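Participant: query_36.txt is the file, holding compact mmCIF, C-alpha atoms:
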# COMPACT_ATOMS: atom_id res chain seq x y z
CA MET A 37 227.71 1.69 68.56
CA SER A 38 226.25 4.89 67.15
CA VAL A 39 227.80 8.29 66.54
CA LEU A 40 225.38 9.67 69.13
CA LEU A 41 226.72 7.29 71.79
CA VAL A 42 230.32 8.19 70.92
CA LEU A 43 229.46 11.88 71.21
CA ALA A 44 227.76 11.28 74.56
CA LEU A 45 230.75 9.34 75.89
CA GLY A 46 233.09 12.03 74.60
CA ALA A 47 231.02 14.67 76.40
CA LEU A 48 231.04 12.63 79.63
CA THR A 49 234.80 12.19 79.42
CA TYR A 50 235.51 15.83 78.65
CA GLY A 51 233.06 16.91 81.35
CA SER A 52 234.96 14.88 83.94
CA ARG A 53 238.23 16.48 82.84
CA ALA A 54 236.86 20.01 82.84
CA ALA A 55 234.65 19.83 85.92
CA ALA A 56 237.27 20.58 88.53
CA LEU A 57 239.87 22.24 86.32
CA VAL A 58 237.45 24.86 84.96
CA LEU A 59 234.65 25.23 87.47
CA MET A 60 236.44 24.84 90.78
CA PRO A 61 237.61 28.09 92.40
CA PRO A 62 241.14 28.17 93.83
CA PRO A 63 240.84 25.83 96.83
CA PRO A 64 241.35 26.92 100.46
CA SER A 65 244.51 25.73 102.18
CA TRP A 66 242.97 22.68 103.92
CA LEU A 67 241.51 21.44 100.64
CA ARG A 68 244.73 22.17 98.81
CA ALA A 69 246.64 20.04 101.33
CA PHE A 70 244.17 17.21 100.75
CA LEU A 71 244.40 17.56 96.96
CA GLU A 72 248.19 17.50 97.08
CA ARG A 73 248.01 14.08 98.70
CA LEU A 74 245.77 12.63 95.95
CA PRO A 75 247.91 12.22 92.79
CA ALA A 76 250.55 9.76 94.03
CA PRO A 77 247.94 7.36 95.49
CA ILE A 78 245.84 7.62 92.30
CA PHE A 79 248.83 6.71 90.13
CA ALA A 80 249.83 3.96 92.53
CA GLY A 81 246.31 2.56 92.24
CA LEU A 82 246.40 2.81 88.45
CA ALA A 83 249.75 0.98 88.43
CA VAL A 84 248.33 -2.06 90.14
CA LEU A 85 245.18 -2.39 87.99
CA PRO A 86 246.85 -4.02 84.94
CA LEU A 87 248.17 -6.73 87.25
CA VAL A 88 244.64 -7.83 88.10
CA GLY A 89 242.58 -9.55 85.42
CA ALA A 90 238.99 -8.67 84.58
CA ASP A 91 237.87 -11.64 86.71
CA GLY A 92 239.76 -10.41 89.76
CA THR A 93 242.61 -12.90 89.58
CA VAL A 94 246.27 -11.87 89.53
CA ARG A 95 247.80 -11.97 86.09
CA THR A 96 250.72 -14.36 86.06
CA SER A 97 252.72 -12.86 83.21
CA VAL A 98 256.31 -13.24 84.42
CA PRO A 99 257.68 -10.41 82.22
CA MET A 100 254.97 -8.01 83.40
CA LEU A 101 255.53 -8.86 87.07
CA ALA A 102 259.29 -8.53 86.57
CA ALA A 103 258.80 -5.13 84.91
CA PHE A 104 256.60 -4.02 87.80
CA GLY A 105 259.10 -5.24 90.38
CA ALA A 106 262.01 -3.53 88.65
CA ALA A 107 259.99 -0.31 88.46
CA LEU A 108 259.31 -0.50 92.20
CA LEU A 109 263.04 -0.89 92.86
CA SER A 110 263.68 2.35 90.96
CA VAL A 111 261.19 4.39 93.02
CA PRO A 112 263.80 5.88 95.44
CA PHE A 113 265.51 7.57 92.46
CA ARG A 114 262.28 9.45 91.59
CA SER A 115 263.05 9.58 87.86
CA LEU A 116 260.34 8.80 85.30
CA LEU A 117 262.84 7.87 82.60
CA GLY A 118 264.81 5.82 85.12
CA THR A 119 261.66 3.94 86.10
CA LEU A 120 260.75 3.31 82.44
CA ALA A 121 264.28 2.02 81.78
CA ALA A 122 264.19 -0.20 84.87
CA GLY A 123 260.79 -1.54 83.83
CA LEU A 124 261.99 -2.38 80.33
CA ILE A 125 265.08 -4.13 81.70
CA GLY A 126 262.88 -6.03 84.14
CA TYR A 127 260.56 -6.98 81.28
CA ALA A 128 263.51 -8.32 79.24
CA VAL A 129 264.90 -10.28 82.18
CA GLY A 130 261.43 -11.61 83.00
CA GLY A 131 261.04 -12.68 79.39
CA LEU A 132 264.28 -14.65 79.56
CA LEU A 133 263.36 -16.24 82.89
CA GLY A 134 259.86 -17.09 81.68
CA ARG A 135 261.11 -19.17 78.76
CA MET B 205 260.63 22.80 77.18
CA ARG B 206 263.41 20.26 76.58
CA GLN B 207 262.71 18.60 79.93
CA THR B 208 259.00 18.51 79.15
CA LEU B 209 259.61 16.84 75.79
CA ALA B 210 262.09 14.37 77.27
CA ALA B 211 259.39 13.15 79.64
CA ALA B 212 256.50 13.43 77.15
CA VAL B 213 257.96 11.63 74.13
CA PRO B 214 258.36 8.16 75.77
CA VAL B 215 254.82 8.48 77.07
CA ALA B 216 253.55 9.41 73.61
CA LEU B 217 255.36 6.46 72.04
CA ALA B 218 253.80 4.03 74.51
CA ILE B 219 250.39 5.54 73.82
CA ALA B 220 250.95 5.21 70.05
CA VAL B 221 251.69 1.50 70.42
CA PHE B 222 248.63 1.05 72.60
CA GLY B 223 246.55 3.05 70.09
CA THR B 224 247.72 0.74 67.31
CA ILE B 225 246.66 -2.30 69.30
CA TYR B 226 243.32 -0.62 70.00
CA GLY B 227 242.78 0.18 66.31
CA ALA B 228 243.63 -3.35 65.23
CA THR B 229 241.31 -4.78 67.91
CA VAL B 230 238.22 -2.70 67.23
CA ALA B 231 238.38 -2.14 63.45
CA PRO B 232 236.65 -5.49 62.76
CA LEU B 233 233.96 -4.59 65.31
CA MET B 234 233.07 -1.03 64.32
CA GLY B 235 234.99 -0.24 61.14
CA GLY B 236 238.28 1.59 60.77
CA GLY B 237 236.88 5.07 60.16
CA PHE B 238 234.54 4.85 63.12
CA ALA B 239 237.36 3.61 65.37
CA VAL B 240 239.47 6.66 64.49
CA LEU B 241 236.46 8.93 65.03
CA ALA B 242 235.91 7.39 68.48
CA SER B 243 239.56 8.00 69.36
CA MET B 244 239.28 11.62 68.23
CA ILE B 245 236.13 12.29 70.25
CA ILE B 246 236.60 10.16 73.39
CA PHE B 247 240.42 10.19 73.73
CA SER B 248 240.53 7.74 76.63
CA GLY B 249 242.37 4.46 76.23
CA SER B 250 240.97 2.78 79.31
CA LEU B 251 237.38 3.75 78.46
CA GLN B 252 237.69 2.82 74.79
CA PHE B 253 239.13 -0.62 75.54
CA ALA B 254 236.35 -1.18 78.08
CA LEU B 255 233.79 -0.12 75.45
CA ALA B 256 235.22 -2.63 72.99
CA GLY B 257 234.69 -5.35 75.57
CA LEU B 258 231.13 -4.19 76.19
CA LEU B 259 230.50 -4.07 72.45
CA VAL B 260 231.59 -7.66 72.04
CA SER B 261 229.45 -8.80 74.97
CA GLY B 262 226.38 -6.94 73.65
CA ALA B 263 226.02 -4.84 76.80
CA PRO B 264 223.19 -2.25 76.92
CA VAL B 265 223.80 1.50 76.57
CA SER B 266 223.19 1.98 80.30
CA ALA B 267 226.15 -0.30 81.10
CA THR B 268 228.29 1.71 78.71
CA VAL B 269 227.37 5.00 80.38
CA ILE B 270 227.92 3.60 83.88
CA THR B 271 231.34 2.31 82.80
CA ALA B 272 232.22 5.74 81.45
CA LEU B 273 231.12 7.49 84.65
CA THR B 274 233.11 5.03 86.76
CA LEU B 275 236.31 5.24 84.75
CA ASN B 276 236.13 9.02 84.45
CA LEU B 277 235.76 9.71 88.16
CA ARG B 278 239.51 9.95 88.65
CA HIS B 279 239.69 12.81 86.13
CA ILE B 280 237.72 14.98 88.54
CA LEU B 281 240.23 14.25 91.30
CA LEU B 282 243.22 14.88 89.01
CA GLY B 283 241.64 18.11 87.75
CA ALA B 284 241.08 19.26 91.32
CA ALA B 285 244.69 18.45 92.21
CA LEU B 286 245.92 20.36 89.17
CA ARG B 287 243.65 23.38 89.65
CA PRO B 288 245.97 25.31 92.04
CA ARG B 289 248.85 24.92 89.56
CA VAL B 290 246.92 25.96 86.47
CA PRO B 291 246.08 29.65 86.52
CA GLY B 292 244.48 31.51 83.64
CA SER B 293 241.02 32.22 82.34
CA PRO B 294 238.18 29.69 82.47
CA CYS B 295 238.28 29.51 78.65
CA GLY B 296 241.98 28.68 78.70
CA ARG B 297 241.47 26.01 81.35
CA ALA B 298 238.52 24.63 79.37
CA ALA B 299 240.80 24.16 76.36
CA LEU B 300 243.51 22.60 78.52
CA ALA B 301 241.01 20.18 80.03
CA TRP B 302 240.83 18.34 76.70
CA PHE B 303 244.42 17.23 77.27
CA LEU B 304 243.95 16.12 80.88
CA ILE B 305 244.71 12.40 80.87
CA ASP B 306 246.40 10.34 83.56
CA GLU B 307 249.86 10.65 82.02
CA SER B 308 249.75 14.39 81.24
CA ALA B 309 248.29 15.15 84.67
CA GLY B 310 251.04 13.15 86.34
CA LEU B 311 253.80 14.95 84.51
CA ALA B 312 252.16 18.34 85.07
CA LEU B 313 251.78 17.70 88.79
CA ALA B 314 255.42 16.67 89.05
CA ALA B 315 256.71 19.49 86.85
CA ARG B 316 259.07 21.89 88.61
CA GLY B 317 258.33 24.57 86.04
CA ASP B 318 255.20 25.52 84.19
CA ALA B 319 252.48 22.92 84.86
CA THR B 320 250.25 24.44 82.17
CA GLN B 321 252.91 23.98 79.51
CA THR B 322 253.59 20.41 80.63
CA LEU B 323 249.89 19.54 80.54
CA LEU B 324 249.48 21.08 77.09
CA VAL B 325 252.59 19.58 75.47
CA THR B 326 252.20 16.11 76.97
CA GLY B 327 248.47 16.01 76.35
CA PHE B 328 248.79 17.24 72.76
CA LEU B 329 251.49 14.67 71.93
CA ALA B 330 249.42 11.95 73.59
CA TYR B 331 246.33 12.98 71.60
CA LEU B 332 248.22 12.89 68.30
CA SER B 333 249.83 9.56 69.20
CA TRP B 334 246.51 8.02 70.19
CA ILE B 335 244.81 9.04 66.92
CA ILE B 336 247.74 8.11 64.67
CA GLY B 337 248.19 4.82 66.54
CA THR B 338 244.49 4.00 66.14
CA ALA B 339 244.63 4.82 62.42
CA VAL B 340 247.73 2.68 61.88
CA GLY B 341 246.09 -0.17 63.78
CA THR B 342 242.96 -0.02 61.63
CA LEU B 343 245.19 -0.36 58.57
CA GLY B 344 246.30 -3.75 59.79
CA ALA B 345 249.35 -3.17 61.95
CA ALA B 346 248.42 -5.22 65.00
CA LEU B 347 251.95 -5.07 66.45
CA THR B 348 251.22 -8.36 68.22
CA GLY B 349 254.91 -8.69 69.08
CA LEU B 350 254.72 -5.47 71.05
CA ARG B 351 251.46 -6.25 72.82
CA GLY B 352 253.10 -7.73 75.90
CA ILE B 353 255.59 -4.94 76.32
CA SER B 354 253.00 -2.22 75.76
CA GLU B 355 250.80 -3.80 78.45
CA ALA B 356 253.77 -3.79 80.81
CA VAL B 357 254.67 -0.17 80.05
CA PHE B 358 251.57 1.27 81.69
CA PRO B 359 251.99 -0.16 85.20
CA VAL B 360 255.64 0.84 85.00
CA LEU B 361 254.71 4.33 83.82
CA PHE B 362 252.22 4.77 86.67
CA VAL B 363 254.79 3.58 89.21
CA GLY B 364 257.09 6.29 87.86
CA LEU B 365 254.36 8.93 87.97
CA ALA B 366 253.50 7.94 91.56
CA ALA B 367 257.17 8.21 92.51
CA ILE B 368 257.65 11.69 91.07
CA SER B 369 254.27 12.88 92.42
CA ALA B 370 255.14 11.83 95.96
CA THR B 371 257.06 14.87 97.11
CA ARG B 372 257.03 13.90 100.79
CA ARG B 373 257.74 10.71 102.65
CA HIS B 374 254.23 10.45 104.12
CA VAL B 375 252.72 10.79 100.61
CA MET B 376 254.92 7.93 99.43
CA ALA B 377 253.69 5.84 102.36
CA ARG B 378 250.09 6.71 101.47
CA ALA B 379 250.76 5.64 97.87
CA GLY B 380 252.02 2.29 99.14
CA VAL B 381 248.82 1.78 101.11
CA ALA B 382 246.80 2.85 98.04
CA VAL B 383 248.42 0.03 96.07
CA LEU B 384 247.15 -2.49 98.60
CA ILE B 385 243.65 -1.00 98.73
CA ALA B 386 243.35 -0.76 94.92
CA PHE B 387 244.58 -4.33 94.60
CA ALA B 388 242.04 -5.53 97.16
CA VAL B 389 239.15 -3.62 95.53
CA ALA B 390 240.06 -4.86 92.02
CA SER B 391 240.41 -8.45 93.26
CA TRP B 392 237.25 -8.63 95.34
CA TRP B 393 235.05 -6.42 93.17
CA PRO B 394 236.23 -6.89 89.58
CA GLN B 395 233.18 -5.10 88.15
CA GLY B 396 234.18 -1.96 90.02
CA ARG B 397 237.89 -2.13 89.30
CA GLY B 398 237.72 1.18 87.41
CA LEU B 399 236.82 2.85 90.70
CA ALA B 400 239.67 1.21 92.62
CA PRO B 401 242.31 3.96 92.18
CA ALA B 402 239.86 6.73 93.14
CA ILE B 403 238.55 4.83 96.18
CA ALA B 404 242.08 4.05 97.34
CA ALA B 405 243.30 7.62 96.81
CA LEU B 406 240.36 9.20 98.62
CA LEU B 407 240.84 6.87 101.60
CA VAL B 408 244.57 7.34 102.00
CA ALA B 409 244.54 11.10 101.34
CA LEU B 410 242.38 11.80 104.39
CA PRO B 411 244.20 13.86 107.02
CA GLY B 412 246.38 11.81 109.32
CA ARG B 413 247.36 12.29 112.95
CA GLY B 414 248.82 15.72 113.60
CA GLU B 415 247.66 17.22 110.28
So that I can check it, write out the structure of this file as structure tokens.

Facilitator:
Amino acid sequence: MSVLLVLALGALTYGSRAAALVLMPPPPSWLRAFLERLPAPIFAGLAVLPLVGADGTVRTSVPMLAAFGAALLSVPFRSLLGTLAAGLIGYAVGGLLGR
Amino acid sequence: MRQTLAAAVPVALAIAVFGTIYGATVAPLMGGGFAVLASMIIFSGSLQFALAGLLVSGAPVSATVITALTLNLRHILLGAALRPRVPGSPCGRAALAWFLIDESAGLALAARGDATQTLLVTGFLAYLSWIIGTAVGTLGAALTGLRGISEAVFPVLFVGLAAISATRRHVMARAGVAVLIAFAVASWWPQGRGLAPAIAALLVALPGRGE
């Protein structure tokens, strides 16, 4: 891997971050409504990715699945710290059960 | 500011642990100094881990660029979602864009107060954590005992970010459907798993009946 490639990848990554945030004018109301519906599904999609291996199979790590399940149970409380705490507790319980 | 820090610090700690694992993993492949340089310039955990895998497999440059384009697509969507909440000059937004990562965007979108401040503080702490973590990892701290828990932190973190981003019941329902679609895409098309969250989000965010 060369410095040039790292610079190119850095530029691609920054470009993707800046494209909409810098260049996009304030969106009209219909587009704004659409954009407001995007983040939660994106994060939900990102949450599930670590549970699927690079070969497409479900990862069978009991602690990780327990952490994920506990995090899901905390969703109604809508607290990031609460979800992190629930996930860590789930991970610990999963670790004990997986022994 | 206190609320922003309370949410940002746990995120930064998780990123530091992940950065340490990244540094320990790639230092033998590319050298410690180069690994830190890559973290400073690219600042994207998912992309950098994917690159390490491509490096090991001897993939061509074209595969590397395609991977970067695929994984970065979601940044455009997150930037677009943030745009209405981030006023200011184009130069100011250009500087802020450096700190737009999944975690900072999530906290900024959910922030009740100043989204710009949340994006800046969370992103800056995450950037520092990622670089310091990488550097520590290249010095030999693999933190193998924490590997499992750090891998589990990210799905949990994203569940939390989805929960606080879903301000309405129908958005929560859409997020639930997005989980199923992303899971299906990642399972049936593993090579395109980086696109799964963006594909799922675009599909479920389309206007529904009566909207």

Participant: Neighbourhood query: residues within 12 Å of (229.6, 11.1, 74.2), file coordinates, counting all atoms listed in the file; return as number ranges by chain.

Facilitator: A: 37-52; B: 241-248, 251-252, 265, 268-269, 272-273

Participant: What does the structure give for the distance between atom CA of Asp306 of chain B and atom CA of Gly292 of chain B, in Å to one decimal?

Facilitator: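 Pair atom CA of Asp306 of chain B / atom CA of Gly292 of chain B returns 21.3 Å.
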
Participant: Find the residues of chain A that sit at most 7 Å from chain B; for each, write down the nearest two atoms and how far apart they are in Å, to one decimal. Count all atoms listed in the file. Sort by chain, then by number going up, and give it as a Markdown table.

Facilitator:
| residue | atom | partner | partner_atom | distance |
| --- | --- | --- | --- | --- |
| A:Val42 | CA | B:Ala242 | CA | 6.2 |
| A:Leu43 | CA | B:Ile245 | CA | 6.8 |
| A:Leu45 | CA | B:Ile246 | CA | 6.4 |
| A:Gly46 | CA | B:Ile246 | CA | 4.2 |
| A:Thr49 | CA | B:Asn276 | CA | 6.1 |
| A:Tyr50 | CA | B:Trp302 | CA | 6.2 |
| A:Ser52 | CA | B:Ile280 | CA | 5.4 |
| A:Arg53 | CA | B:His279 | CA | 5.1 |
| A:Ala54 | CA | B:Ala301 | CA | 5.0 |
| A:Ala55 | CA | B:Ile280 | CA | 6.3 |
| A:Ala56 | CA | B:Ala284 | CA | 4.9 |
| A:Leu57 | CA | B:Gly283 | CA | 4.7 |
| A:Val58 | CA | B:Pro294 | CA | 5.5 |
| A:Pro62 | CA | B:Pro288 | CA | 5.9 |
| A:Phe70 | CA | B:Ala409 | CA | 6.1 |
| A:Leu71 | CA | B:Ala285 | CA | 4.8 |
| A:Glu72 | CA | B:Ala285 | CA | 6.1 |
| A:Arg73 | CA | B:Ala409 | CA | 5.3 |
| A:Leu74 | CA | B:Ala405 | CA | 5.7 |
| A:Pro75 | CA | B:Ser369 | CA | 6.4 |
| A:Ala76 | CA | B:Ala366 | CA | 4.3 |
| A:Pro77 | CA | B:Ala379 | CA | 4.1 |
| A:Ile78 | CA | B:Pro401 | CA | 5.1 |
| A:Phe79 | CA | B:Ala366 | CA | 5.0 |
| A:Ala80 | CA | B:Val383 | CA | 5.5 |
| A:Gly81 | CA | B:Pro401 | CA | 4.2 |
| A:Leu82 | CA | B:Pro401 | CA | 5.7 |
| A:Ala83 | CA | B:Pro359 | CA | 4.1 |
| A:Val84 | CA | B:Phe387 | CA | 6.3 |
| A:Leu85 | CA | B:Phe387 | CA | 6.9 |
| A:Pro86 | CA | B:Pro359 | CA | 6.4 |
| A:Val88 | CA | B:Ser391 | CA | 6.7 |
| A:Ala90 | CA | B:Pro394 | CA | 6.0 |
| A:Asp91 | CA | B:Pro394 | CA | 5.8 |
| A:Gly92 | CA | B:Ser391 | CA | 4.1 |
| A:Thr93 | CA | B:Ser391 | CA | 6.2 |
| A:Met100 | CA | B:Ala356 | CA | 5.1 |
| A:Ala103 | CA | B:Ala356 | CA | 6.6 |
| A:Phe104 | CA | B:Val360 | CA | 5.7 |
| A:Ala107 | CA | B:Val360 | CA | 5.7 |
| A:Leu108 | CA | B:Val363 | CA | 6.8 |
| A:Val111 | CA | B:Ala367 | CA | 5.6 |
| A:Arg114 | CA | B:Ile368 | CA | 5.2 |
| A:Ser115 | CA | B:Ile368 | CA | 6.6 |
| A:Leu116 | CA | B:Gly364 | CA | 4.8 |
| A:Leu117 | CA | B:Ala211 | CA | 7.0 |
| A:Thr119 | CA | B:Gly364 | CA | 5.4 |
| A:Leu120 | CA | B:Val360 | CA | 6.2 |
| A:Gly123 | CA | B:Val360 | CA | 5.8 |

Participant: List as a PyMOL selection string the protein and nucleic acid residues near segment 125-131 of chain A, meaning an atom at most 6 Å away when all atoms listed in the file are counted, but skip any in the same chain fewer than 6 places from it.

Facilitator: chain A and resi 98-99+102-103+106

Participant: Can you measure atom CA of Thr322 of chain B to atom CA of Ala218 of chain B for me? One decimal in Å is fine.

Facilitator: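 Going from atom CA of Thr322 of chain B over to atom CA of Ala218 of chain B, I get 17.5 Å.
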
Participant: As an exercise, work out the distance from atom CA of Thr338 of chain B to atom CA of Ala315 of chain B in Å and give it to one decimal place.

Facilitator: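 Straight-line distance from atom CA of Thr338 of chain B to atom CA of Ala315 of chain B works out to 28.6 Å.
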
Participant: What does segment 325-340 of chain B look like written to a file with N, CA and C atoms, as a compact mmCIF listing (two decimals), in the first residue's frame?

Facilitator:
# COMPACT_ATOMS: atom_id res chain seq x y z
N VAL B 325 -17.70 17.96 18.58
CA VAL B 325 -17.11 17.39 19.80
C VAL B 325 -16.96 15.87 19.67
N THR B 326 -18.04 15.21 19.24
CA THR B 326 -17.99 13.75 19.13
C THR B 326 -16.98 13.32 18.07
N GLY B 327 -17.01 14.02 16.94
CA GLY B 327 -16.09 13.66 15.86
C GLY B 327 -14.64 13.89 16.24
N PHE B 328 -14.37 15.02 16.92
CA PHE B 328 -13.00 15.32 17.32
C PHE B 328 -12.49 14.27 18.32
N LEU B 329 -13.31 13.94 19.32
CA LEU B 329 -12.90 12.92 20.30
C LEU B 329 -12.69 11.57 19.61
N ALA B 330 -13.56 11.26 18.67
CA ALA B 330 -13.43 9.99 17.95
C ALA B 330 -12.13 9.97 17.13
N TYR B 331 -11.81 11.09 16.51
CA TYR B 331 -10.59 11.19 15.68
C TYR B 331 -9.35 10.98 16.56
N LEU B 332 -9.32 11.69 17.69
CA LEU B 332 -8.19 11.53 18.61
C LEU B 332 -8.08 10.09 19.09
N SER B 333 -9.21 9.52 19.47
CA SER B 333 -9.23 8.16 20.00
C SER B 333 -8.74 7.16 18.96
N TRP B 334 -9.18 7.37 17.72
CA TRP B 334 -8.82 6.44 16.65
C TRP B 334 -7.30 6.48 16.40
N ILE B 335 -6.73 7.68 16.39
CA ILE B 335 -5.28 7.82 16.13
C ILE B 335 -4.47 7.29 17.32
N ILE B 336 -4.86 7.68 18.52
CA ILE B 336 -4.13 7.22 19.71
C ILE B 336 -4.25 5.70 19.84
N GLY B 337 -5.47 5.19 19.62
CA GLY B 337 -5.67 3.74 19.69
C GLY B 337 -4.80 3.01 18.68
N THR B 338 -4.75 3.53 17.44
CA THR B 338 -3.91 2.90 16.41
C THR B 338 -2.45 2.91 16.86
N ALA B 339 -1.99 4.06 17.37
CA ALA B 339 -0.59 4.18 17.79
C ALA B 339 -0.27 3.19 18.91
N VAL B 340 -1.16 3.10 19.88
CA VAL B 340 -0.94 2.17 21.00
C VAL B 340 -0.90 0.73 20.48
